[in-house]
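What follows is a single structure, written as structure tokens, with notes after it.
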Amino acid sequence: MKAQLALLNGAPNFSYQPLYKIMKGLLGSSWSEQELMLAVLRCGLRPDVKEKYTELVPLIVEYFSDKKISYAMEILPRFYAVDRDILVPFSPPLIYADENGLCLPYFIFWKKNALKGERLALFSSIVREILDEDPDLCDARFEVIDMSAEVDPDTNENERSLKIIPECDIAKISSARRQKMLSTFAEGFRRARQVAEGMPTKRRSDSDRPAPDPNQIALL
């Protein structure tokens with residue numbers, strides 16, 4: 001409940017969603033790191049947001065450098081039923097096809113709070129369930145592309161790095177534990193919703209209002 005209310009009161013004032021659009025527009029064509037950097041610099045965003053984007057460009061290029069992308073596309077949003085009255089949106093920004101078939105990459109662009117442990121296992125199991133329900137996507141491979149920062153022991157600074165986690169390397173979660181985690185989330189969500197109904201509405205300027213980002217799901 002506290003996590004839900006914290007997200008409501010302190011949502012990020014920017015989104016990585018435009019970066020997905022830039023990536024999808026370039027996939028399937030021959031592009032360089034310089035071209036991707038230029039596309040980011042040309043987008044109409046705040047200077048501090050562009051700075052966050054540009055530090056990700058080398059890692060994005062590194063991830064796609066050895067792939068032969070034939071096409072990339074968006075897929076229709078789905079809703080995952082956490083409980084009878086709670087549907088969580090699932091809207092991957094892109095899915096691509098390469099020499100190994102379809103791939104659904106989940107990019108972790110946030111510098112902190114990467115998916116790990118049980119949260120990662122829970123997320124992976126939900127994604128696989130959603131993919132298996134779609135005949136066109138059931139054979140797609142799923143992998144987490146973690147670009148979060150870790151402390152460098154030599155410099156003691158937080159530095160981003162590329163970590164590719166294929167689905168087969170993610171620990172499995174038992175059905176009992178998964179149901180327990182989802183039930184806990186559902187109960188916390190309901191309580192947070194009740195508290196939020198009695199809170200005053202915060203007025204925010206359009207420039208401070210974060211763009212909707214389906215990857216900022218409080219369930220995780």
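Convention: chains lettered A, B, ... in structure tokens order; per-chain residue numbering from 1; ligands numbered from 1 as shown.
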
Report task. Mind checking which residues fall within 10 Å of Gly101 (chain A), counting only C-alpha atoms, ignoring those fewer than 6 positions away in the same chain, and posting them as a PyMOL selection string? Result -> chain A and resi 69-70+139-141

How close does region 124-165 of chain A get to region 74-98 of chain A? List, as JSON lines, each residue of region 124-165 of chain A within 12 Å, its nearest atom pair and the distance in Å to one decimal, counting only C-alpha atoms.
{"residue": "A:Ser125", "atom": "CA", "partner": "A:Tyr80", "partner_atom": "CA", "distance": 11.7}
{"residue": "A:Ile126", "atom": "CA", "partner": "A:Tyr80", "partner_atom": "CA", "distance": 8.0}
{"residue": "A:Val127", "atom": "CA", "partner": "A:Phe90", "partner_atom": "CA", "distance": 8.5}
{"residue": "A:Arg128", "atom": "CA", "partner": "A:Tyr80", "partner_atom": "CA", "distance": 11.5}
{"residue": "A:Glu129", "atom": "CA", "partner": "A:Tyr80", "partner_atom": "CA", "distance": 9.3}
{"residue": "A:Ile130", "atom": "CA", "partner": "A:Tyr80", "partner_atom": "CA", "distance": 7.6}
{"residue": "A:Leu131", "atom": "CA", "partner": "A:Arg78", "partner_atom": "CA", "distance": 10.1}
{"residue": "A:Glu133", "atom": "CA", "partner": "A:Arg78", "partner_atom": "CA", "distance": 10.6}
{"residue": "A:Asp134", "atom": "CA", "partner": "A:Arg78", "partner_atom": "CA", "distance": 10.4}
{"residue": "A:Asp136", "atom": "CA", "partner": "A:Ile75", "partner_atom": "CA", "distance": 10.5}
{"residue": "A:Leu137", "atom": "CA", "partner": "A:Ile75", "partner_atom": "CA", "distance": 9.7}
{"residue": "A:Asp139", "atom": "CA", "partner": "A:Ala97", "partner_atom": "CA", "distance": 11.6}
{"residue": "A:Ala140", "atom": "CA", "partner": "A:Ile95", "partner_atom": "CA", "distance": 9.0}
{"residue": "A:Arg141", "atom": "CA", "partner": "A:Ile95", "partner_atom": "CA", "distance": 10.0}
{"residue": "A:Phe142", "atom": "CA", "partner": "A:Ile95", "partner_atom": "CA", "distance": 9.7}
{"residue": "A:Glu143", "atom": "CA", "partner": "A:Ile95", "partner_atom": "CA", "distance": 11.0}
{"residue": "A:Val144", "atom": "CA", "partner": "A:Pro92", "partner_atom": "CA", "distance": 12.0}

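Considering the residues A:Ser148, A:Thr184, A:Asn158, A:Ser65 and counting only C-alpha atoms, Phe107 (chain A) has its shortest atom-to-atom contact with A:Ser148.
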
Query raised in the report: Quick one: distance from CA of Met37 (chain A) to CA of Lys111 (chain A) in Å, one decimal?
Result: 18.7 Å

Query raised in the report: Pick from A:Ile170, A:Leu26, A:Cys43, A:Ala192: nearest to Gly117 (chain A), with only C-alpha atoms counted?
Result: A:Ile170

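As for CA of Glu33 (chain A) and CA of Leu162 (chain A), they are spaced 15.4 Å apart.
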
Requested in this report: Apply DSSP to the backbone of this structure and, from region 5-98 of chain A, keep only the residues in strand (DSSP E or B); write these as a PyMOL selection string.
Outcome: chain A and resi 71-73+78-83+86-90+95-98
